[in-house]
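Participant: Below is the file entry.cif, with mmCIF, C-alpha atoms.
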data_structure
#
loop_
_atom_site.label_atom_id
_atom_site.label_comp_id
_atom_site.auth_asym_id
_atom_site.auth_seq_id
_atom_site.Cartn_x
_atom_site.Cartn_y
_atom_site.Cartn_z
CA MET A 153 0.00 0.00 0.00
CA PRO A 154 -0.28 2.21 -1.82
CA LEU A 155 0.44 0.90 -5.30
CA TRP A 156 0.74 3.64 -7.90
CA LYS A 157 0.49 2.68 -11.57
CA ILE A 158 1.51 5.45 -13.92
CA TYR A 159 0.78 4.97 -17.60
CA HIS A 160 2.78 7.50 -19.58
CA PRO A 161 3.76 8.24 -23.18
CA GLU A 162 7.10 7.01 -24.46
CA ASN A 163 10.02 9.05 -23.15
CA ALA A 164 7.78 11.32 -21.09
CA PHE A 165 9.90 10.85 -17.99
CA THR A 166 13.63 10.54 -17.41
CA GLU A 167 15.08 8.23 -14.79
CA GLN A 168 15.52 11.27 -12.56
CA ASP A 169 11.90 12.33 -13.12
CA LYS A 170 10.72 8.87 -12.12
CA LYS A 171 12.84 8.85 -8.99
CA SER A 172 11.63 12.33 -8.05
CA ILE A 173 8.00 11.31 -8.50
CA ALA A 174 8.50 8.14 -6.46
CA GLU A 175 10.26 10.07 -3.70
CA GLY A 176 7.58 12.73 -3.72
CA LEU A 177 4.81 10.15 -3.43
CA THR A 178 6.62 8.37 -0.61
CA ALA A 179 6.84 11.66 1.29
CA ILE A 180 3.08 12.17 1.07
CA TYR A 181 2.27 9.15 3.21
CA PRO A 182 2.82 8.91 7.00
CA LEU A 183 3.62 5.24 6.53
CA PRO A 184 6.66 2.97 6.43
CA LYS A 185 8.46 4.17 3.29
CA PHE A 186 8.64 0.69 1.79
CA TYR A 187 4.83 0.56 1.69
CA VAL A 188 4.88 2.96 -1.25
CA GLY A 189 5.21 1.16 -4.59
CA VAL A 190 5.26 3.03 -7.89
CA VAL A 191 5.34 1.39 -11.29
CA PHE A 192 5.84 3.34 -14.49
CA GLU A 193 4.39 1.78 -17.62
CA GLN A 194 5.35 3.29 -20.94
CA ILE A 195 2.40 3.08 -23.34
CA PRO A 196 3.41 2.81 -27.01
CA LYS A 197 1.85 5.07 -29.60
CA HIS A 198 -1.64 4.09 -30.73
CA SER A 199 -2.23 2.14 -27.54
CA PHE A 200 -3.96 4.73 -25.40
CA TYR A 201 -7.20 6.46 -26.29
CA ILE A 202 -9.20 9.22 -24.65
CA GLY A 203 -12.73 9.75 -25.92
CA GLY A 204 -12.00 7.52 -28.91
CA GLU A 205 -8.95 9.52 -30.02
CA PRO A 206 -5.31 8.43 -29.73
CA ALA A 207 -3.82 10.31 -26.79
CA ASP A 208 -0.05 10.35 -26.84
CA ASP A 209 0.09 13.36 -24.53
CA PHE A 210 -1.71 11.80 -21.59
CA VAL A 211 -0.54 10.49 -18.22
CA ARG A 212 -3.10 8.15 -16.68
CA ILE A 213 -2.50 7.31 -13.06
CA TRP A 214 -4.39 4.84 -10.96
CA VAL A 215 -3.78 3.92 -7.41
CA ASP A 216 -4.74 1.26 -4.91
CA HIS A 217 -4.81 2.36 -1.29
CA ILE A 218 -4.60 -0.53 1.12
CA ALA A 219 -3.10 0.49 4.47
CA ARG A 220 -5.40 3.41 5.15
CA GLN A 221 -8.81 4.62 4.04
CA MET A 222 -9.42 8.33 3.60
CA ASP A 223 -12.60 8.68 5.55
CA ASN A 224 -13.26 12.37 5.55
CA ASP A 225 -13.20 15.24 3.09
CA ALA A 226 -10.40 17.17 4.76
CA ILE A 227 -8.03 14.22 4.41
CA LYS A 228 -8.97 13.75 0.78
CA GLU A 229 -8.46 17.42 0.00
CA ARG A 230 -5.03 17.46 1.62
CA PHE A 231 -4.07 14.31 -0.23
CA PHE A 232 -5.11 15.58 -3.66
CA ALA A 233 -3.53 18.99 -3.03
CA ALA A 234 -0.23 17.23 -2.37
CA VAL A 235 -0.64 15.00 -5.43
CA ASN A 236 -1.47 17.98 -7.66
CA LYS A 237 1.54 19.88 -6.41
CA LEU A 238 3.79 16.91 -7.09
CA PHE A 239 2.52 16.05 -10.57
CA THR A 240 1.84 19.46 -12.09
CA PRO A 241 5.50 20.15 -12.98
CA PHE A 242 5.76 16.71 -14.63
CA THR A 243 2.46 16.92 -16.53
CA THR A 244 0.54 20.18 -17.02
CA ASP A 245 3.72 22.28 -17.09
CA ARG A 246 5.06 20.07 -19.89
CA GLY A 247 1.88 20.14 -21.95
CA LEU A 248 0.76 16.69 -20.85
CA ARG A 249 -2.83 16.03 -19.83
CA TRP A 250 -3.38 13.81 -16.83
CA GLU A 251 -5.99 12.02 -14.77
CA LEU A 252 -5.91 9.85 -11.70
CA HIS A 253 -8.23 7.78 -9.60
CA VAL A 254 -7.79 5.88 -6.38
CA ASP A 255 -9.45 2.68 -5.23
CA GLU A 256 -9.43 1.43 -1.66
CA THR A 257 -8.87 -2.29 -1.19
CA PRO A 258 -9.16 -4.55 1.90
CA PHE A 259 -6.43 -4.31 4.53
CA SER A 260 -6.93 -7.95 5.50
CA LEU A 261 -6.08 -9.15 1.96
CA TRP A 262 -2.57 -7.72 1.87
CA ARG A 263 0.79 -9.36 2.61
CA ILE A 264 4.45 -8.25 2.38
CA GLN A 265 7.06 -10.99 2.10
CA GLY A 266 4.31 -13.32 3.29
CA LEU A 267 3.71 -11.28 6.45
CA ARG A 268 0.48 -9.61 7.42
CA PRO A 269 1.34 -5.92 7.91
CA PRO A 270 0.68 -4.61 11.42
CA LEU A 271 -2.49 -2.69 12.13
CA PRO A 272 -2.31 1.10 11.78
CA ASN A 273 -0.64 3.04 14.57
CA THR A 274 0.59 0.03 16.49
CA PRO A 275 4.08 -0.42 17.96
CA ALA A 276 4.75 -3.05 15.30
CA GLU A 277 3.90 -0.61 12.52
CA LYS A 278 6.17 1.97 14.13
CA LYS A 279 8.98 -0.60 14.17
CA TRP A 280 8.42 -1.35 10.48
CA ARG A 281 8.51 2.38 9.76
CA ASP A 282 11.64 2.99 11.84
CA GLU A 283 13.50 0.07 10.30
CA ASN A 284 11.97 0.59 6.82
CA ARG A 285 11.51 -3.13 6.32
CA PRO A 286 9.06 -5.87 7.31
CA SER A 287 9.83 -8.17 10.25
CA ASP A 288 8.05 -10.75 12.34
CA TYR A 289 6.05 -9.31 15.21
CA MET B 297 -13.86 7.14 -15.72
CA PRO B 298 -14.14 4.61 -17.07
CA LEU B 299 -10.68 3.21 -17.53
CA TRP B 300 -10.56 0.19 -19.83
CA LYS B 301 -7.48 -2.01 -19.76
CA ILE B 302 -7.34 -4.50 -22.61
CA TYR B 303 -4.70 -7.22 -22.42
CA HIS B 304 -4.39 -8.81 -25.84
CA PRO B 305 -2.08 -11.18 -27.73
CA GLU B 306 0.63 -9.73 -29.92
CA ASN B 307 -0.70 -8.31 -33.17
CA ALA B 308 -4.30 -9.16 -32.31
CA PHE B 309 -5.49 -5.66 -33.15
CA THR B 310 -4.55 -3.17 -35.84
CA GLU B 311 -4.42 0.55 -35.16
CA GLN B 312 -7.80 0.83 -36.86
CA ASP B 313 -9.21 -1.96 -34.67
CA LYS B 314 -8.00 -0.16 -31.58
CA LYS B 315 -9.49 3.12 -32.66
CA SER B 316 -12.79 1.43 -33.51
CA ILE B 317 -12.94 -0.26 -30.11
CA ALA B 318 -12.12 2.99 -28.32
CA GLU B 319 -14.74 4.88 -30.31
CA GLY B 320 -17.31 2.16 -29.70
CA LEU B 321 -16.66 2.21 -25.97
CA THR B 322 -16.89 5.98 -25.87
CA ALA B 323 -20.29 5.80 -27.57
CA ILE B 324 -21.63 3.44 -24.89
CA TYR B 325 -21.38 6.00 -22.12
CA PRO B 326 -23.67 9.04 -21.72
CA LEU B 327 -20.69 10.96 -20.34
CA PRO B 328 -18.22 13.56 -21.49
CA LYS B 329 -16.28 11.73 -24.19
CA PHE B 330 -12.91 12.48 -22.62
CA TYR B 331 -13.94 10.51 -19.53
CA VAL B 332 -13.46 7.29 -21.50
CA GLY B 333 -9.87 6.04 -21.36
CA VAL B 334 -8.79 2.84 -23.09
CA VAL B 335 -5.34 1.33 -22.84
CA PHE B 336 -4.24 -1.61 -24.97
CA GLU B 337 -1.49 -3.77 -23.51
CA GLN B 338 0.09 -6.35 -25.74
CA ILE B 339 1.00 -9.44 -23.73
CA PRO B 340 4.01 -11.34 -25.07
CA LYS B 341 3.86 -15.08 -25.61
CA HIS B 342 4.21 -17.20 -22.46
CA SER B 343 3.09 -14.31 -20.28
CA PHE B 344 -0.61 -15.00 -19.98
CA TYR B 345 -2.13 -18.16 -18.55
CA ILE B 346 -5.66 -19.42 -18.22
CA GLY B 347 -6.23 -22.39 -15.95
CA GLY B 348 -2.48 -23.00 -15.82
CA GLU B 349 -2.08 -23.18 -19.61
CA PRO B 350 -0.45 -20.54 -21.83
CA ALA B 351 -3.26 -18.65 -23.55
CA ASP B 352 -2.09 -16.74 -26.58
CA ASP B 353 -5.62 -16.57 -27.98
CA PHE B 354 -7.18 -14.67 -25.11
CA VAL B 355 -8.30 -11.07 -24.66
CA ARG B 356 -8.62 -10.16 -20.99
CA ILE B 357 -10.39 -6.91 -20.31
CA TRP B 358 -10.82 -5.19 -16.99
CA VAL B 359 -12.48 -1.95 -16.29
CA ASP B 360 -12.76 0.61 -13.54
CA HIS B 361 -16.01 2.54 -13.42
CA ILE B 362 -15.72 5.78 -11.48
CA ALA B 363 -18.24 8.39 -12.63
CA ARG B 364 -21.33 6.22 -12.33
CA GLN B 365 -22.38 3.08 -10.53
CA MET B 366 -24.70 0.64 -12.26
CA ASP B 367 -27.26 0.18 -9.55
CA ASN B 368 -29.89 -2.01 -11.14
CA ASP B 369 -30.02 -5.12 -13.30
CA ALA B 370 -31.58 -3.46 -16.32
CA ILE B 371 -28.69 -1.00 -16.59
CA LYS B 372 -26.15 -3.80 -16.25
CA GLU B 373 -27.86 -5.89 -18.91
CA ARG B 374 -27.94 -3.01 -21.35
CA PHE B 375 -24.32 -2.24 -20.66
CA PHE B 376 -23.10 -5.79 -21.20
CA ALA B 377 -25.28 -6.23 -24.28
CA ALA B 378 -23.58 -3.18 -25.80
CA VAL B 379 -20.13 -4.43 -24.76
CA ASN B 380 -20.77 -7.88 -26.23
CA LYS B 381 -21.97 -6.40 -29.48
CA LEU B 382 -18.87 -4.24 -29.71
CA PHE B 383 -16.29 -6.90 -28.86
CA THR B 384 -17.68 -10.01 -30.55
CA PRO B 385 -16.39 -9.05 -34.03
CA PHE B 386 -12.93 -8.38 -32.58
CA THR B 387 -12.76 -11.52 -30.43
CA THR B 388 -15.13 -14.47 -30.85
CA ASP B 389 -15.50 -13.90 -34.60
CA ARG B 390 -11.70 -14.07 -34.92
CA GLY B 391 -11.29 -17.19 -32.80
CA LEU B 392 -10.14 -15.28 -29.73
CA ARG B 393 -11.51 -16.11 -26.30
CA TRP B 394 -12.30 -13.21 -24.01
CA GLU B 395 -13.35 -12.24 -20.53
CA LEU B 396 -14.03 -8.98 -18.77
CA HIS B 397 -14.84 -7.69 -15.36
CA VAL B 398 -15.69 -4.28 -14.00
CA ASP B 399 -14.91 -2.76 -10.65
CA GLU B 400 -16.55 0.35 -9.27
CA THR B 401 -14.28 2.83 -7.51
CA PRO B 402 -15.01 5.94 -5.40
CA PHE B 403 -16.16 9.08 -7.22
CA SER B 404 -14.60 11.28 -4.55
CA LEU B 405 -11.10 9.86 -5.22
CA TRP B 406 -10.91 10.93 -8.86
CA ARG B 407 -9.31 13.99 -10.46
CA ILE B 408 -8.77 15.17 -14.05
CA GLN B 409 -5.98 17.69 -14.60
CA GLY B 410 -6.11 18.23 -10.87
CA LEU B 411 -9.82 19.11 -10.95
CA ARG B 412 -12.58 17.29 -9.14
CA PRO B 413 -15.08 16.26 -11.86
CA PRO B 414 -18.56 17.70 -11.43
CA LEU B 415 -21.29 15.61 -9.87
CA PRO B 416 -23.47 13.58 -12.25
CA ASN B 417 -26.14 15.43 -14.16
CA THR B 418 -25.14 18.90 -13.06
CA PRO B 419 -24.79 21.96 -15.32
CA ALA B 420 -21.03 21.76 -14.84
CA GLU B 421 -20.96 18.16 -16.08
CA LYS B 422 -23.07 19.20 -19.06
CA LYS B 423 -20.54 21.95 -19.82
CA TRP B 424 -17.67 19.45 -19.65
CA ARG B 425 -19.58 17.16 -21.98
CA ASP B 426 -20.47 19.92 -24.44
CA GLU B 427 -16.91 21.26 -24.53
CA ASN B 428 -15.33 17.79 -24.28
CA ARG B 429 -12.69 19.05 -21.87
CA PRO B 430 -12.32 19.82 -18.17
CA SER B 431 -12.61 23.39 -16.90
CA ASP B 432 -12.92 25.21 -13.61
CA TYR B 433 -16.46 25.46 -12.31
CA MET C 267 -11.94 -14.55 -11.58
CA PRO C 268 -9.42 -14.42 -10.21
CA LEU C 269 -7.11 -12.23 -12.27
CA TRP C 270 -3.51 -12.28 -11.06
CA LYS C 271 -1.18 -9.55 -12.25
CA ILE C 272 2.45 -10.25 -11.48
CA TYR C 273 4.92 -7.42 -11.99
CA HIS C 274 8.42 -8.83 -11.98
CA PRO C 275 11.98 -7.78 -12.82
CA GLU C 276 13.41 -8.62 -16.21
CA ASN C 277 14.32 -12.28 -16.57
CA ALA C 278 13.15 -13.13 -13.05
CA PHE C 279 11.09 -16.07 -14.27
CA THR C 280 11.59 -18.68 -16.97
CA GLU C 281 8.75 -20.00 -19.07
CA GLN C 282 8.69 -23.05 -16.85
CA ASP C 283 8.57 -20.88 -13.71
CA LYS C 284 5.62 -18.98 -15.11
CA LYS C 285 3.77 -22.15 -16.02
CA SER C 286 4.45 -23.62 -12.57
CA ILE C 287 3.16 -20.49 -10.85
CA ALA C 288 0.04 -20.42 -13.03
CA GLU C 289 -0.63 -24.11 -12.39
CA GLY C 290 -0.05 -23.66 -8.67
CA LEU C 291 -2.46 -20.74 -8.52
CA THR C 292 -5.07 -22.65 -10.47
CA ALA C 293 -4.83 -25.51 -7.97
CA ILE C 294 -5.53 -23.17 -5.05
CA TYR C 295 -9.06 -22.38 -6.20
CA PRO C 296 -12.04 -24.78 -6.03
CA LEU C 297 -13.32 -23.24 -9.24
CA PRO C 298 -13.47 -24.04 -12.93
CA LYS C 299 -9.82 -24.00 -13.93
CA PHE C 300 -10.35 -21.55 -16.75
CA TYR C 301 -11.52 -18.94 -14.23
CA VAL C 302 -7.90 -18.47 -13.14
CA GLY C 303 -6.08 -15.90 -15.26
CA VAL C 304 -2.46 -14.95 -14.61
CA VAL C 305 -0.57 -12.24 -16.45
CA PHE C 306 3.16 -11.70 -16.05
CA GLU C 307 4.41 -8.20 -16.73
CA GLN C 308 8.12 -7.66 -16.94
CA ILE C 309 9.04 -4.25 -15.52
CA PRO C 310 12.12 -2.68 -17.08
CA LYS C 311 14.88 -1.29 -14.92
CA HIS C 312 14.20 2.14 -13.40
CA SER C 313 10.46 1.65 -13.75
CA PHE C 314 9.56 0.28 -10.34
CA TYR C 315 10.18 2.06 -7.06
CA ILE C 316 9.69 1.06 -3.44
CA GLY C 317 9.89 3.83 -0.87
CA GLY C 318 11.35 6.15 -3.49
CA GLU C 319 14.21 3.81 -4.41
CA PRO C 320 14.52 1.80 -7.64
CA ALA C 321 13.61 -1.79 -6.81
CA ASP C 322 14.84 -4.24 -9.39
CA ASP C 323 14.59 -7.14 -6.95
CA PHE C 324 10.89 -6.89 -6.25
CA VAL C 325 7.88 -8.92 -7.35
CA ARG C 326 4.65 -6.97 -6.93
CA ILE C 327 1.51 -9.03 -7.25
CA TRP C 328 -2.04 -7.79 -7.25
CA VAL C 329 -5.15 -9.77 -7.66
CA ASP C 330 -8.82 -9.25 -8.38
CA HIS C 331 -11.17 -11.81 -6.88
CA ILE C 332 -14.52 -11.90 -8.58
CA ALA C 333 -16.20 -15.31 -8.28
CA ARG C 334 -15.96 -15.63 -4.52
CA GLN C 335 -15.47 -13.37 -1.54
CA MET C 336 -13.38 -14.57 1.37
CA ASP C 337 -15.75 -13.78 4.18
CA ASN C 338 -14.03 -15.17 7.22
CA ASP C 339 -10.55 -15.21 8.70
CA ALA C 340 -10.02 -18.96 8.44
CA ILE C 341 -10.55 -18.86 4.68
CA LYS C 342 -8.18 -15.92 4.32
CA GLU C 343 -5.49 -17.63 6.39
CA ARG C 344 -5.72 -20.81 4.34
CA PHE C 345 -5.58 -18.82 1.14
CA PHE C 346 -2.51 -16.80 2.09
CA ALA C 347 -0.76 -19.87 3.50
CA ALA C 348 -1.17 -21.55 0.11
CA VAL C 349 -0.02 -18.43 -1.72
CA ASN C 350 3.06 -18.07 0.49
CA LYS C 351 3.96 -21.71 -0.01
CA LEU C 352 3.66 -21.31 -3.77
CA PHE C 353 5.61 -18.06 -4.14
CA THR C 354 8.39 -18.43 -1.57
CA PRO C 355 10.56 -20.66 -3.80
CA PHE C 356 10.18 -18.19 -6.68
CA THR C 357 10.81 -15.05 -4.61
CA THR C 358 12.30 -15.12 -1.10
CA ASP C 359 14.41 -18.19 -1.85
CA ARG C 360 15.89 -16.36 -4.83
CA GLY C 361 16.59 -13.15 -2.99
CA LEU C 362 13.59 -11.33 -4.40
CA ARG C 363 11.33 -9.26 -2.20
CA TRP C 364 7.61 -9.50 -2.81
CA GLU C 365 4.24 -8.10 -1.87
CA LEU C 366 0.69 -8.83 -2.86
CA HIS C 367 -2.77 -7.50 -2.31
CA VAL C 368 -6.19 -8.68 -3.33
CA ASP C 369 -9.27 -6.69 -4.19
CA GLU C 370 -12.77 -8.12 -4.41
CA THR C 371 -14.90 -6.92 -7.31
CA PRO C 372 -18.61 -7.38 -8.10
CA PHE C 373 -19.77 -10.79 -9.32
CA SER C 374 -22.58 -9.23 -11.34
CA LEU C 375 -20.12 -7.17 -13.43
CA TRP C 376 -18.24 -10.13 -14.87
CA ARG C 377 -18.64 -11.92 -18.20
CA ILE C 378 -16.76 -14.73 -19.99
CA GLN C 379 -17.17 -14.93 -23.76
CA GLY C 380 -20.15 -12.66 -23.27
CA LEU C 381 -21.81 -15.08 -20.83
CA ARG C 382 -22.70 -14.35 -17.24
CA PRO C 383 -20.92 -17.03 -15.18
CA PRO C 384 -23.24 -19.27 -13.14
CA LEU C 385 -23.78 -18.53 -9.48
CA PRO C 386 -21.48 -20.31 -7.03
CA ASN C 387 -22.19 -23.96 -6.30
CA THR C 388 -24.91 -24.37 -8.89
CA PRO C 389 -25.24 -27.29 -11.34
CA ALA C 390 -24.28 -24.91 -14.14
CA GLU C 391 -21.05 -23.95 -12.36
CA LYS C 392 -20.31 -27.64 -11.83
CA LYS C 393 -20.81 -28.22 -15.57
CA TRP C 394 -18.42 -25.37 -16.39
CA ARG C 395 -15.90 -26.87 -13.98
CA ASP C 396 -16.28 -30.40 -15.33
CA GLU C 397 -15.99 -29.28 -18.94
CA ASN C 398 -13.41 -26.56 -18.17
CA ARG C 399 -15.07 -24.14 -20.55
CA PRO C 400 -18.04 -21.75 -20.59
CA SER C 401 -21.33 -22.79 -22.17
CA ASP C 402 -24.92 -21.55 -22.34
CA TYR C 403 -27.05 -22.62 -19.42
#
What is this structure when it is put down as C-alpha cells?

Facilitator:
Amino acid sequence: MPLWKIYHPENAFTEQDKKSIAEGLTAIYPLPKFYVGVVFEQIPKHSFYIGGEPADDFVRIWVDHIARQMDNDAIKERFFAAVNKLFTPFTTDRGLRWELHVDETPFSLWRIQGLRPPLPNTPAEKKWRDENRPSDY
Amino acid sequence: MPLWKIYHPENAFTEQDKKSIAEGLTAIYPLPKFYVGVVFEQIPKHSFYIGGEPADDFVRIWVDHIARQMDNDAIKERFFAAVNKLFTPFTTDRGLRWELHVDETPFSLWRIQGLRPPLPNTPAEKKWRDENRPSDY
Amino acid sequence: MPLWKIYHPENAFTEQDKKSIAEGLTAIYPLPKFYVGVVFEQIPKHSFYIGGEPADDFVRIWVDHIARQMDNDAIKERFFAAVNKLFTPFTTDRGLRWELHVDETPFSLWRIQGLRPPLPNTPAEKKWRDENRPSDY
C-alpha cells in the first residue's frame, strides 16, 4: 500500500523524473516508506485512447490504497492537493494532460514478504517504519 | 472514468481496430467523451495463462467505473449487451476467447488535470460534456 | 476470476517458472480451472520504485477476486498460506522481495465470452468446472 500505476507516453519521464515522483509520493504518506510502490508503464503510440482519439500526450495514473482509508473530506483534500503539487510540474507544465483515480482495497487481503502488515498506529507498525523493512512481530 | 485495460495477444489488433474499439466504448457512455480512457497492452507469448495453460488466444479486459455506478439489473444488462456487441467481431469472430470484469471505484477519489469532476447530471458536467474538456467550475 | 497480475523484474522467471506459478495458482481455487487468469508483466529497470528507491529485486503481485469473496478469517489464512507456499521458492528463496494485495470486485459485473458465469455452487457452475469451458445454461 499504496500501489501507484503510472501509464505514460514514451520518453515522457527521465530516470531522474521517475525517482523524483516516487520520492515525492513516498513523502506524502505517513507510513513505512517501503509501503509505497510506484510502477511506471510506458504506453506505445496508438495504444492509449481518450474519448475515442489516440492520446499520446496523456498520463493516466491509478492507485490502490490498502493500508489506510481516507474517511473524511479534509483528508482527501489534503491528499489531492499534495498530489497535484507533485505532478503538475511533470504533466501540465510540460503540456501533458493527466488524470488519476484511487481505489481502496481490503487491509486484510494484503501481505508483504508473506507477512500480514501490522495494524495502523501500532508499535509493530512503528517498528516497520523505523526500520523501513518488514519483520516478524 | 471509465478506464478500460485491454490485455491482448501480440498483433491481435490493428491501429484501426483499436481506434474502432475505443470509439465504440466511448459511444456506450452518456458521459463527457474524454472521460473514457482505453489502454491496450500487448501481452508477449508465455506471459498469460488461463487455468495453468499458456493462452495466446485470449483477450482479458478489466475496467474501472468511477463516474457512475450501475445500480440495477436493467442497466447492467444493457451495458453488457452493448459491450458484447462491440467486442464479438474483434474476439469471438476471430477465434479469440475473451473475458471482462468491472470494478466500481469511489467518485470522490478521482481527479482530471487536478480538478474534481462535477457531480453527475449537473450543469457543470453538461458543460464538460459539451466542450469535451475539463474546466474550472 | 481471479485475475492475477504479477509485476516482476526482467528475466526473473523462466517460461517453466511462469507455467508452474500459473498451475499452482489454479490448484488453489475450487473453481473451474479456466476462471484463473495470470498475467506476467516484466518491468524494465528504473520503472519500479519502493519507498522512493529503484527496486529491481521486487515482485509486486495484485489480484482481483470476482467469483468468490473470502468472508471469514479462516478462509483468508488458508488462502494466504497456500499463496506463500507457492511463491516463496520463486521469490524469497531467490533473494527477491515481494508483496501482494487482493481486491474483491462485483460478481454481477463479470462476463466470460459474453456469458454471465453461473452462481457459485450451482449445477451450471459444476458443468463449467467439469468441462473446463463456458457454455450456455

Participant: Rank A:Asp208, A:Glu251, A:Glu229, A:Lys157 by their smallest atom-to-atom distance to Val332 of chain B, using all atoms listed in the file, and report the top residue only.

Facilitator: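 Residue with the minimum atom-to-atom distance to Val332 of chain B: A:Glu251.
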
Participant: Return the neighbours of chain B among the residues of chain C, cut-off 7 Å, counting all atoms listed in the file, as a PDB file with C-alpha atoms, in the coordinates of the input.

Facilitator:
ATOM      1  CA  GLU C 281       8.750 -20.000 -19.070  1.00  0.00           C
ATOM      2  CA  LYS C 285       3.770 -22.150 -16.020  1.00  0.00           C
ATOM      3  CA  ALA C 288       0.040 -20.420 -13.030  1.00  0.00           C
ATOM      4  CA  GLU C 289      -0.630 -24.110 -12.390  1.00  0.00           C
ATOM      5  CA  THR C 292      -5.070 -22.650 -10.470  1.00  0.00           C
ATOM      6  CA  LYS C 299      -9.820 -24.000 -13.930  1.00  0.00           C
ATOM      7  CA  PHE C 300     -10.350 -21.550 -16.750  1.00  0.00           C
ATOM      8  CA  TYR C 301     -11.520 -18.940 -14.230  1.00  0.00           C
ATOM      9  CA  VAL C 302      -7.900 -18.470 -13.140  1.00  0.00           C
ATOM     10  CA  GLY C 303      -6.080 -15.900 -15.260  1.00  0.00           C
ATOM     11  CA  VAL C 304      -2.460 -14.950 -14.610  1.00  0.00           C
ATOM     12  CA  VAL C 305      -0.570 -12.240 -16.450  1.00  0.00           C
ATOM     13  CA  PHE C 306       3.160 -11.700 -16.050  1.00  0.00           C
ATOM     14  CA  THR C 371     -14.900  -6.920  -7.310  1.00  0.00           C
ATOM     15  CA  PRO C 372     -18.610  -7.380  -8.100  1.00  0.00           C
ATOM     16  CA  LEU C 375     -20.120  -7.170 -13.430  1.00  0.00           C
ATOM     17  CA  TRP C 376     -18.240 -10.130 -14.870  1.00  0.00           C
ATOM     18  CA  ARG C 377     -18.640 -11.920 -18.200  1.00  0.00           C
ATOM     19  CA  ILE C 378     -16.760 -14.730 -19.990  1.00  0.00           C
ATOM     20  CA  GLN C 379     -17.170 -14.930 -23.760  1.00  0.00           C
ATOM     21  CA  GLY C 380     -20.150 -12.660 -23.270  1.00  0.00           C
TER      22      GLY C 380
END

Participant: So, counting all atoms listed in the file, which residue among B:Pro298, B:Phe386, B:Ala370, B:Pro430 is closest to Gln312 of chain B?

Facilitator: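 Ranked by minimum distance to Gln312 of chain B, first place goes to B:Phe386.
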
Participant: How many Å separate atom CA of Asp223 of chain A from atom CA of Glu277 of chain A?

Facilitator: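 Separation of atom CA of Asp223 of chain A and atom CA of Glu277 of chain A: 20.2 Å.
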
Participant: Taking all atoms listed in the file into account, which of C:Ala390, C:Ala333, C:Tyr403, C:Asn277 comes nearest Pro296 of chain C?

Facilitator: C:Ala333

Participant: Please, what distance in Å, to one decimal, runs between atom CA of Ile287 of chain C and atom CA of Pro355 of chain C?

Facilitator: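 Those two atoms sit 10.2 Å apart.
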
Participant: Rounded to one decimal place, report the atom CA of Asp169 of chain A-atom CA of Glu193 of chain A distance in Å.

Facilitator: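 Value for the atom CA of Asp169 of chain A-atom CA of Glu193 of chain A distance: 13.7 Å.
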